[in-house]
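**Student:** Coordinates in run-v3.pdb, PDB, C-alpha atoms, are listed below.
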ATOM      1  CA  MET A   1     -15.385  10.045 -38.320
ATOM      2  CA  THR A   2     -17.009  12.273 -35.781
ATOM      3  CA  GLU A   3     -14.974  14.114 -33.188
ATOM      4  CA  HIS A   4     -16.257  11.757 -30.491
ATOM      5  CA  ALA A   5     -15.125   8.701 -32.422
ATOM      6  CA  ILE A   6     -11.651  10.174 -32.997
ATOM      7  CA  LEU A   7     -11.291  10.946 -29.273
ATOM      8  CA  ALA A   8     -12.464   7.450 -28.313
ATOM      9  CA  LEU A   9     -10.111   5.826 -30.818
ATOM     10  CA  GLY A  10      -7.181   7.890 -29.580
ATOM     11  CA  SER A  11      -7.996   7.041 -25.969
ATOM     12  CA  ILE A  12      -8.097   3.317 -26.675
ATOM     13  CA  ILE A  13      -4.838   3.328 -28.620
ATOM     14  CA  MET A  14      -3.118   5.435 -26.000
ATOM     15  CA  ALA A  15      -4.396   3.209 -23.178
ATOM     16  CA  GLY A  16      -2.818   0.203 -24.885
ATOM     17  CA  LEU A  17       0.431   2.070 -25.519
ATOM     18  CA  THR A  18       0.510   3.334 -21.917
ATOM     19  CA  MET A  19       0.243  -0.177 -20.551
ATOM     20  CA  ALA A  20       2.738  -1.613 -23.055
ATOM     21  CA  ILE A  21       5.508   0.926 -22.526
ATOM     22  CA  GLY A  22       4.878   1.216 -18.792
ATOM     23  CA  ALA A  23       5.019  -2.550 -18.277
ATOM     24  CA  LEU A  24       8.152  -2.756 -20.447
ATOM     25  CA  GLY A  25      10.099  -0.340 -18.276
ATOM     26  CA  ALA A  26       8.919  -1.861 -15.017
ATOM     27  CA  ALA A  27       9.690  -5.390 -16.217
ATOM     28  CA  PHE A  28      13.208  -4.379 -17.217
ATOM     29  CA  GLY A  29      13.817  -2.718 -13.857
ATOM     30  CA  GLU A  30      12.380  -5.631 -11.898
ATOM     31  CA  SER A  31      14.532  -8.133 -13.758
ATOM     32  CA  ARG A  32      17.625  -6.139 -12.812
ATOM     33  CA  ILE A  33      16.512  -6.001  -9.163
ATOM     34  CA  GLY A  34      15.915  -9.754  -9.182
ATOM     35  CA  ALA A  35      19.333 -10.440 -10.706
ATOM     36  CA  ALA A  36      21.066  -8.154  -8.225
ATOM     37  CA  GLY A  37      19.164  -9.757  -5.337
ATOM     38  CA  MET A  38      20.181 -13.269  -6.433
ATOM     39  CA  ASP A  39      23.782 -12.120  -6.747
ATOM     40  CA  ALA A  40      23.742 -10.618  -3.258
ATOM     41  CA  LEU A  41      22.107 -13.769  -1.829
ATOM     42  CA  ALA A  42      24.780 -15.974  -3.430
ATOM     43  CA  ARG A  43      27.546 -13.829  -1.982
ATOM     44  CA  GLN A  44      26.094 -13.434   1.511
ATOM     45  CA  PRO A  45      23.504 -16.092   2.359
ATOM     46  CA  ASP A  46      23.588 -15.042   6.031
ATOM     47  CA  GLU A  47      22.085 -11.662   5.175
ATOM     48  CA  SER A  48      19.118 -13.232   3.368
ATOM     49  CA  GLY A  49      16.557 -11.566   5.646
ATOM     50  CA  SER A  50      17.610  -7.982   5.076
ATOM     51  CA  ILE A  51      18.418  -8.605   1.384
ATOM     52  CA  THR A  52      14.959 -10.047   0.752
ATOM     53  CA  ARG A  53      13.305  -7.205   2.634
ATOM     54  CA  SER A  54      15.051  -4.420   0.781
ATOM     55  CA  GLN A  55      14.555  -6.315  -2.474
ATOM     56  CA  PHE A  56      10.798  -6.378  -1.924
ATOM     57  CA  VAL A  57      10.747  -2.686  -1.131
ATOM     58  CA  ALA A  58      12.718  -1.911  -4.293
ATOM     59  CA  LEU A  59      10.423  -4.161  -6.331
ATOM     60  CA  ALA A  60       7.383  -2.342  -4.996
ATOM     61  CA  MET A  61       8.937   1.010  -5.843
ATOM     62  CA  VAL A  62       9.643  -0.045  -9.425
ATOM     63  CA  GLU A  63       6.348  -1.822  -9.808
ATOM     64  CA  SER A  64       4.444   1.276  -8.737
ATOM     65  CA  THR A  65       5.402   2.999 -12.012
ATOM     66  CA  ALA A  66       3.636   0.209 -13.899
ATOM     67  CA  ILE A  67       0.692   0.560 -11.550
ATOM     68  CA  PHE A  68       0.543   4.316 -12.258
ATOM     69  CA  CYS A  69       0.449   3.467 -15.956
ATOM     70  CA  LEU A  70      -2.386   1.025 -15.281
ATOM     71  CA  VAL A  71      -4.354   3.676 -13.392
ATOM     72  CA  ILE A  72      -3.836   6.177 -16.208
ATOM     73  CA  ALA A  73      -4.879   3.597 -18.812
ATOM     74  CA  LEU A  74      -8.028   2.856 -16.792
ATOM     75  CA  VAL A  75      -8.759   6.580 -16.499
ATOM     76  CA  LEU A  76      -8.441   6.835 -20.301
ATOM     77  CA  LEU A  77     -10.807   3.914 -20.782
ATOM     78  CA  PHE A  78     -13.429   4.328 -18.081
ATOM     79  CA  ALA A  79     -13.244   7.848 -16.649
ATOM     80  CA  ASN A  80     -12.098   9.909 -19.610
ATOM     81  CA  PRO A  81     -13.060  13.571 -19.060
ATOM     82  CA  PHE A  82     -12.898  14.369 -22.785
ATOM     83  CA  VAL A  83     -15.144  11.589 -24.053
ATOM     84  CA  SER A  84     -18.688  12.286 -22.901
ATOM     85  CA  GLY A  85     -20.285   9.324 -21.215
ATOM     86  CA  GLY A  86     -16.972   7.489 -21.559
TER
ATOM     87  CA  MET B   1     -20.530  -3.010 -19.249
ATOM     88  CA  LYS B   2     -18.964  -0.287 -17.153
ATOM     89  CA  PRO B   3     -16.946  -1.598 -14.206
ATOM     90  CA  GLU B   4     -16.890   0.485 -11.040
ATOM     91  CA  ILE B   5     -13.232   1.368 -10.725
ATOM     92  CA  PHE B   6     -13.085   4.943  -9.525
ATOM     93  CA  THR B   7     -16.590   5.067  -8.104
ATOM     94  CA  ASP B   8     -18.227   3.289  -5.221
ATOM     95  CA  ARG B   9     -21.589   1.582  -5.150
ATOM     96  CA  VAL B  10     -24.010   3.247  -2.710
ATOM     97  CA  LEU B  11     -25.994   0.639  -0.806
ATOM     98  CA  VAL B  12     -28.282   2.736   1.402
ATOM     99  CA  TRP B  13     -28.821   6.403   2.057
ATOM    100  CA  LEU B  14     -28.982   7.395   5.737
ATOM    101  CA  GLY B  15     -30.568  10.812   5.263
ATOM    102  CA  ALA B  16     -27.943  12.724   3.262
ATOM    103  CA  LEU B  17     -25.167  10.276   4.206
ATOM    104  CA  PRO B  18     -24.475   7.556   1.639
ATOM    105  CA  ILE B  19     -23.467   4.148   2.997
ATOM    106  CA  THR B  20     -21.195   2.690   0.342
ATOM    107  CA  GLU B  21     -19.885  -0.809  -0.178
ATOM    108  CA  THR B  22     -16.368   0.200   0.857
ATOM    109  CA  MET B  23     -17.577   1.667   4.143
ATOM    110  CA  LEU B  24     -19.344  -1.574   4.959
ATOM    111  CA  THR B  25     -16.457  -3.867   3.995
ATOM    112  CA  SER B  26     -13.845  -1.798   5.819
ATOM    113  CA  LEU B  27     -16.062  -1.742   8.906
ATOM    114  CA  ALA B  28     -16.402  -5.529   8.642
ATOM    115  CA  THR B  29     -12.607  -5.868   8.296
ATOM    116  CA  SER B  30     -12.000  -3.689  11.345
ATOM    117  CA  LEU B  31     -14.583  -5.532  13.447
ATOM    118  CA  LEU B  32     -13.226  -8.948  12.460
ATOM    119  CA  LEU B  33      -9.689  -7.813  13.252
ATOM    120  CA  VAL B  34     -10.682  -6.370  16.626
ATOM    121  CA  LEU B  35     -12.519  -9.586  17.495
ATOM    122  CA  THR B  36      -9.666 -11.864  16.371
ATOM    123  CA  MET B  37      -6.957  -9.833  18.052
ATOM    124  CA  GLY B  38      -9.030  -9.513  21.231
ATOM    125  CA  LEU B  39      -9.370 -13.296  21.249
ATOM    126  CA  LEU B  40      -5.611 -13.717  20.760
ATOM    127  CA  ALA B  41      -4.833 -11.184  23.494
ATOM    128  CA  ARG B  42      -7.168 -12.965  25.926
ATOM    129  CA  ALA B  43      -5.536 -16.270  25.037
ATOM    130  CA  VAL B  44      -2.061 -14.868  25.733
ATOM    131  CA  VAL B  45      -3.186 -13.742  29.194
ATOM    132  CA  ARG B  46      -5.376 -16.735  30.147
ATOM    133  CA  HIS B  47      -3.700 -19.743  28.489
ATOM    134  CA  PRO B  48      -0.091 -18.719  27.797
ATOM    135  CA  SER B  49       0.868 -22.164  26.445
ATOM    136  CA  GLY B  50      -2.057 -22.670  24.053
ATOM    137  CA  GLN B  51      -2.078 -22.507  20.262
ATOM    138  CA  LEU B  52      -3.990 -19.200  20.135
ATOM    139  CA  ALA B  53      -1.464 -17.596  22.453
ATOM    140  CA  ALA B  54       1.370 -18.813  20.226
ATOM    141  CA  ALA B  55      -0.397 -17.302  17.186
ATOM    142  CA  GLY B  56      -0.817 -14.001  19.006
ATOM    143  CA  ARG B  57       2.806 -13.880  20.115
ATOM    144  CA  LEU B  58       4.036 -14.808  16.616
ATOM    145  CA  THR B  59       1.913 -12.062  15.026
ATOM    146  CA  PHE B  60       3.094  -9.449  17.472
ATOM    147  CA  GLY B  61       6.706 -10.594  17.256
ATOM    148  CA  PHE B  62       6.599 -10.391  13.438
ATOM    149  CA  LEU B  63       5.216  -6.841  13.475
ATOM    150  CA  GLN B  64       7.647  -5.765  16.192
ATOM    151  CA  ARG B  65      10.616  -7.164  14.255
ATOM    152  CA  LEU B  66       9.433  -5.494  11.045
ATOM    153  CA  VAL B  67       9.338  -2.049  12.659
ATOM    154  CA  THR B  68      12.451  -2.488  14.791
ATOM    155  CA  GLU B  69      14.611  -3.643  11.885
ATOM    156  CA  THR B  70      13.399  -0.802   9.664
ATOM    157  CA  VAL B  71      13.581   2.034  12.161
ATOM    158  CA  GLY B  72      16.673   0.751  13.947
ATOM    159  CA  ARG B  73      15.341   0.855  17.502
ATOM    160  CA  THR B  74      12.248  -0.147  19.474
ATOM    161  CA  SER B  75       9.371   2.353  19.337
ATOM    162  CA  PRO B  76       6.122   0.994  20.845
ATOM    163  CA  GLY B  77       3.803   3.659  19.411
ATOM    164  CA  LEU B  78       5.071   3.118  15.883
ATOM    165  CA  GLU B  79       4.739  -0.656  16.286
ATOM    166  CA  VAL B  80       1.062  -0.259  17.120
ATOM    167  CA  PHE B  81       0.433   2.146  14.235
ATOM    168  CA  VAL B  82       2.310   0.214  11.561
ATOM    169  CA  GLY B  83       1.032  -3.098  12.911
ATOM    170  CA  SER B  84      -2.551  -1.874  12.614
ATOM    171  CA  LEU B  85      -1.902  -0.771   9.032
ATOM    172  CA  PHE B  86      -0.403  -4.171   8.177
ATOM    173  CA  LEU B  87      -3.227  -6.124   9.790
ATOM    174  CA  PHE B  88      -5.916  -3.973   8.175
ATOM    175  CA  ILE B  89      -4.491  -4.191   4.661
ATOM    176  CA  SER B  90      -3.778  -7.919   4.865
ATOM    177  CA  GLY B  91      -7.170  -8.548   6.464
ATOM    178  CA  ALA B  92      -8.793  -6.589   3.637
ATOM    179  CA  ALA B  93      -6.877  -8.667   1.069
ATOM    180  CA  VAL B  94      -8.050 -11.906   2.679
ATOM    181  CA  LEU B  95     -11.625 -10.648   2.960
ATOM    182  CA  GLY B  96     -11.553  -9.592  -0.697
ATOM    183  CA  GLN B  97     -11.095 -13.236  -1.724
ATOM    184  CA  LEU B  98     -14.653 -14.040  -0.652
ATOM    185  CA  PRO B  99     -17.180 -13.999  -3.490
ATOM    186  CA  VAL B 100     -19.141 -10.760  -4.079
ATOM    187  CA  ILE B 101     -16.979  -8.844  -1.565
ATOM    188  CA  ALA B 102     -14.355  -6.474  -2.983
ATOM    189  CA  ALA B 103     -11.346  -5.614  -0.849
ATOM    190  CA  PRO B 104     -11.978  -2.188   0.743
ATOM    191  CA  THR B 105      -8.392  -1.159  -0.056
ATOM    192  CA  GLY B 106      -9.242  -1.556  -3.760
ATOM    193  CA  ASN B 107     -11.141   1.707  -3.497
ATOM    194  CA  LEU B 108      -9.283   4.938  -4.194
ATOM    195  CA  GLY B 109     -10.816   6.692  -1.199
ATOM    196  CA  ALA B 110      -9.902   3.989   1.310
ATOM    197  CA  ALA B 111      -6.332   3.655   0.007
ATOM    198  CA  SER B 112      -5.915   7.438   0.089
ATOM    199  CA  ALA B 113      -7.184   7.513   3.664
ATOM    200  CA  LEU B 114      -4.510   5.023   4.734
ATOM    201  CA  ALA B 115      -1.796   6.978   2.905
ATOM    202  CA  GLY B 116      -3.132  10.190   4.462
ATOM    203  CA  LEU B 117      -2.730   8.648   7.916
ATOM    204  CA  VAL B 118       0.952   7.996   7.156
ATOM    205  CA  PHE B 119       1.296  11.549   5.775
ATOM    206  CA  LEU B 120      -0.129  12.973   9.021
ATOM    207  CA  ALA B 121       1.899  10.654  11.242
ATOM    208  CA  VAL B 122       5.235  11.916   9.875
ATOM    209  CA  PRO B 123       5.012  15.491  11.287
ATOM    210  CA  VAL B 124       3.396  14.248  14.522
ATOM    211  CA  VAL B 125       6.237  11.812  15.197
ATOM    212  CA  GLY B 126       8.875  14.271  13.979
ATOM    213  CA  ILE B 127       7.620  17.042  16.269
ATOM    214  CA  ARG B 128       7.442  14.653  19.217
ATOM    215  CA  ALA B 129      10.986  13.454  18.512
ATOM    216  CA  ARG B 130      12.660  16.847  18.182
ATOM    217  CA  GLY B 131      10.223  19.705  18.777
ATOM    218  CA  PRO B 132       8.417  21.929  16.248
ATOM    219  CA  VAL B 133      11.423  24.166  15.458
ATOM    220  CA  GLY B 134      13.779  21.237  15.047
ATOM    221  CA  TYR B 135      11.288  19.415  12.825
ATOM    222  CA  LEU B 136      10.645  22.434  10.599
ATOM    223  CA  LYS B 137      14.382  23.043  10.334
ATOM    224  CA  HIS B 138      14.869  19.802   8.423
ATOM    225  CA  TYR B 139      12.739  21.225   5.592
ATOM    226  CA  PHE B 140      15.324  23.971   5.140
ATOM    227  CA  SER B 141      18.384  21.743   5.306
ATOM    228  CA  PRO B 142      20.889  21.510   3.760
ATOM    229  CA  ASN B 143      19.822  24.676   1.893
ATOM    230  CA  PRO B 144      16.646  26.798   2.127
ATOM    231  CA  LEU B 145      16.362  26.565  -1.666
ATOM    232  CA  LEU B 146      15.422  22.904  -1.267
ATOM    233  CA  PHE B 147      12.249  23.685   0.716
ATOM    234  CA  PRO B 148       9.879  23.199  -2.284
ATOM    235  CA  LEU B 149      11.548  19.894  -3.112
ATOM    236  CA  HIS B 150      11.040  18.626   0.448
ATOM    237  CA  VAL B 151       7.349  19.525   0.269
ATOM    238  CA  ILE B 152       6.949  17.950  -3.180
ATOM    239  CA  SER B 153       8.659  14.765  -2.061
ATOM    240  CA  GLU B 154       6.342  14.411   0.954
ATOM    241  CA  LEU B 155       3.261  14.949  -1.215
ATOM    242  CA  SER B 156       4.364  12.733  -4.093
ATOM    243  CA  ARG B 157       5.332   9.822  -1.867
ATOM    244  CA  THR B 158       1.910   9.994  -0.224
ATOM    245  CA  LEU B 159       0.301   9.944  -3.670
ATOM    246  CA  ALA B 160       2.510   7.010  -4.674
ATOM    247  CA  LEU B 161       1.613   5.135  -1.478
ATOM    248  CA  ALA B 162      -2.110   5.579  -2.123
ATOM    249  CA  LEU B 163      -1.985   4.787  -5.836
ATOM    250  CA  ARG B 164       0.252   1.733  -5.352
ATOM    251  CA  LEU B 165      -2.116   0.128  -2.869
ATOM    252  CA  PHE B 166      -5.215   1.097  -4.865
ATOM    253  CA  GLY B 167      -3.780  -0.057  -8.195
ATOM    254  CA  ASN B 168      -2.554  -3.405  -6.925
ATOM    255  CA  MET B 169      -5.709  -4.360  -5.046
ATOM    256  CA  MET B 170      -8.078  -3.044  -7.726
ATOM    257  CA  SER B 171      -6.211  -4.627 -10.648
ATOM    258  CA  GLY B 172      -6.139  -8.030  -8.954
ATOM    259  CA  HIS B 173      -9.886  -7.884  -8.414
ATOM    260  CA  LEU B 174     -10.471  -6.642 -11.976
ATOM    261  CA  ILE B 175      -8.397  -9.451 -13.500
ATOM    262  CA  VAL B 176     -10.279 -12.106 -11.518
ATOM    263  CA  ALA B 177     -13.576 -10.519 -12.552
ATOM    264  CA  LEU B 178     -12.536 -10.499 -16.222
ATOM    265  CA  ILE B 179     -11.455 -14.154 -16.157
ATOM    266  CA  VAL B 180     -14.679 -15.157 -14.394
ATOM    267  CA  ALA B 181     -16.694 -13.323 -17.041
ATOM    268  CA  LEU B 182     -14.709 -14.954 -19.865
ATOM    269  CA  THR B 183     -14.294 -18.556 -18.743
ATOM    270  CA  GLY B 184     -16.096 -19.831 -15.687
ATOM    271  CA  PHE B 185     -15.454 -21.021 -12.200
ATOM    272  CA  ILE B 186     -12.258 -23.094 -11.856
ATOM    273  CA  VAL B 187      -9.915 -21.159 -14.170
ATOM    274  CA  PRO B 188      -9.513 -18.000 -12.038
ATOM    275  CA  VAL B 189      -8.321 -19.929  -8.956
ATOM    276  CA  PRO B 190      -4.562 -19.518  -9.635
ATOM    277  CA  LEU B 191      -5.130 -15.835 -10.342
ATOM    278  CA  MET B 192      -6.996 -15.512  -7.060
ATOM    279  CA  ALA B 193      -4.014 -17.108  -5.306
ATOM    280  CA  LEU B 194      -1.755 -14.569  -7.033
ATOM    281  CA  ASP B 195      -4.142 -11.802  -5.971
ATOM    282  CA  LEU B 196      -3.950 -12.980  -2.352
ATOM    283  CA  LEU B 197      -0.132 -13.124  -2.511
ATOM    284  CA  ILE B 198       0.025  -9.620  -3.987
ATOM    285  CA  GLY B 199      -2.380  -8.338  -1.342
ATOM    286  CA  LEU B 200      -0.259  -9.693   1.516
ATOM    287  CA  LEU B 201       2.908  -8.399  -0.177
ATOM    288  CA  GLN B 202       1.319  -4.962  -0.520
ATOM    289  CA  ALA B 203       0.452  -4.981   3.184
ATOM    290  CA  TYR B 204       4.104  -5.789   3.961
ATOM    291  CA  ILE B 205       5.391  -3.126   1.586
ATOM    292  CA  PHE B 206       2.934  -0.484   2.786
ATOM    293  CA  SER B 207       3.924  -1.055   6.413
ATOM    294  CA  ILE B 208       7.655  -1.102   5.584
ATOM    295  CA  LEU B 209       7.367   2.144   3.613
ATOM    296  CA  ALA B 210       5.298   3.717   6.397
ATOM    297  CA  SER B 211       7.914   2.789   8.975
ATOM    298  CA  VAL B 212      10.708   4.018   6.672
ATOM    299  CA  TYR B 213       9.002   7.402   6.241
ATOM    300  CA  ILE B 214       8.136   7.780   9.922
ATOM    301  CA  GLY B 215      11.484   6.349  10.998
ATOM    302  CA  ALA B 216      13.248   8.950   8.854
ATOM    303  CA  ALA B 217      11.440  11.688  10.786
ATOM    304  CA  ILE B 218      12.759  10.187  14.042
ATOM    305  CA  GLN B 219      16.269   9.537  12.812
ATOM    306  CA  VAL B 220      16.753  13.023  11.387
ATOM    307  CA  GLY B 221      16.381  14.230  14.959
ATOM    308  CA  GLU B 222      18.816  11.678  16.344
ATOM    309  CA  GLY B 223      21.501  12.384  13.756
ATOM    310  CA  GLU B 224      21.567  16.118  14.449
ATOM    311  CA  ALA B 225      21.290  15.599  18.195
ATOM    312  CA  LYS B 226      24.393  13.411  18.033
ATOM    313  CA  GLU B 227      26.225  16.104  16.059
ATOM    314  CA  ALA B 228      25.236  18.703  18.631
ATOM    315  CA  ARG B 229      26.499  16.524  21.495
ATOM    316  CA  SER B 230      29.862  15.672  19.971
TER
END
How does this structure look as structure tokens?
**Tutor:**
Amino acid sequence: MTEHAILALGSIIMAGLTMAIGALGAAFGESRIGAAGMDALARQPDESGSITRSQFVALAMVESTAIFCLVIALVLLFANPFVSGG
Amino acid sequence: MKPEIFTDRVLVWLGALPITETMLTSLATSLLLVLTMGLLARAVVRHPSGQLAAAGRLTFGFLQRLVTETVGRTSPGLEVFVGSLFLFISGAAVLGQLPVIAAPTGNLGAASALAGLVFLAVPVVGIRARGPVGYLKHYFSPNPLLFPLHVISELSRTLALALRLFGNMMSGHLIVALIVALTGFIVPVPLMALDLLIGLLQAYIFSILASVYIGAAIQVGEGEAKEARS
């Protein structure tokens, strides 16, 4: 294999791994936020407005790590500085 | 096939100035928003009991409640700023559902510009709330050693704000494009609905985070002012 092919292969494998592991962590965190939000809603239904709001903010915070992984995976695939013309 | 993710398609060159797709779509979003909101504002003044006036009052009431509940008090300037951010991002998400048009916030430059506005608004509001010395003092509290961490946190949250908006809007568009290329016309409809939902949610989250960041700059001043008084 040429050096270019090795770099391209590594980039593709790493892009897949980046998305897989990144989505795994974010999914785990989001499930815990969802469970905690449901618990809080069951205990205090009157506070549903503020609970839902802070839950969405927390979800966005956790989800952004997965989005960073997505951006990095897309950089590896489409804007890779080490693979010429990649 | 090489999708345009980090680049922007140049439509026309005006001399040395490129007119890109994002510039055009964001201008269209702004113009549509100004027209719609001008119509609603006129309706509120002229026909206070009509449907358009009700829509205008509901929109404004929603944005006002969002900022007031996050910051903890009424602040008219912040309501206008955060409300404009919300309306622009949600308007861009709705406009991005039209065929051919990509949401302008799905471009890294446009998303970074919005996050940069929030980044610049924090010191402006903080200095107005408690003066330049008082604002700079919060960088050195509780210990001067933490100064680099304060700076890093301001920069990294701006980066996160920009990348979150960009990643969400761009990935939704990319997924719809992939499904269209693979299957056909009817299949991507549920994904487009999900894309629209995510776009509106991102507008909500962006405006809440902006008001949290700017509200923190105001409330730092209030907390220490209270301590000084008591």
**Student:** Identify all residues satisfying the PyMOL selection byres ((chain B) within 8 of (chain A)) in the given file; provide them as a list of chain:residue names.
**Tutor:**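 Output of the PyMOL selection byres ((chain B) within 8 of (chain A)): B:Lys2, B:Pro3, B:Ile5, B:Phe6, B:Ala160, B:Leu163, B:Arg164, B:Gly167, B:Asn168, B:Gln202, B:Ile205, B:Ile208, B:Leu209.
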**Student:** Mind pulling up the distance from CA of Leu197 in chain B to CA of Val212 in chain B?
**Tutor:**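 Between these atoms lies a distance of 22.3 Å.
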**Student:** Excluding Ala41 in chain B and any residue of its chain fewer than 5 positions from it, enumerate the residues within 9 Å of it, using all atoms listed in the file, and give them as a list in words.
**Tutor:**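 The contact residues come out as Thr36, Arg46, Leu52, Ala53, Gly56 and Arg57 of chain B.
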**Student:** Measuring atom to atom with all atoms listed in the file, identify which of B:Ser207, B:Gln219, B:Thr59, B:Ser84 is nearest to Val34 in chain B.
**Tutor:**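 For Val34 in chain B, the nearest of the given residues is B:Ser84.
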**Student:** Which residues are close to range 24-31 of chain B, i.e. within 8 Å by only C-alpha atoms, leaving aside same-chain residues fewer than 2 positions away? Reply as a list in words.
**Tutor:**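 Returned residues: Ile19, Thr20, Glu21, Thr22, Leu33, Val34, Leu35, Phe88, Gly91, Ala92, Leu95, Ile101, Ala102, Ala103 and Pro104 of chain B.
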**Student:** What does the structure give for the distance between CA of Ile218 in chain B and CA of Gly126 in chain B, in Å to one decimal?
**Tutor:**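 Computing the Euclidean distance for CA of Ile218 in chain B and CA of Gly126 in chain B yields 5.6 Å.
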**Student:** List the spatial neighbours of range 28-37 of chain A as a list in words - criterion: any atom at most 7 Å away, only C-alpha atoms, same-chain residues fewer than 4 positions off excluded.
**Tutor:**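 That gives Leu24, Leu41, Ile51, Gln55, Leu59 and Val62 of chain A.
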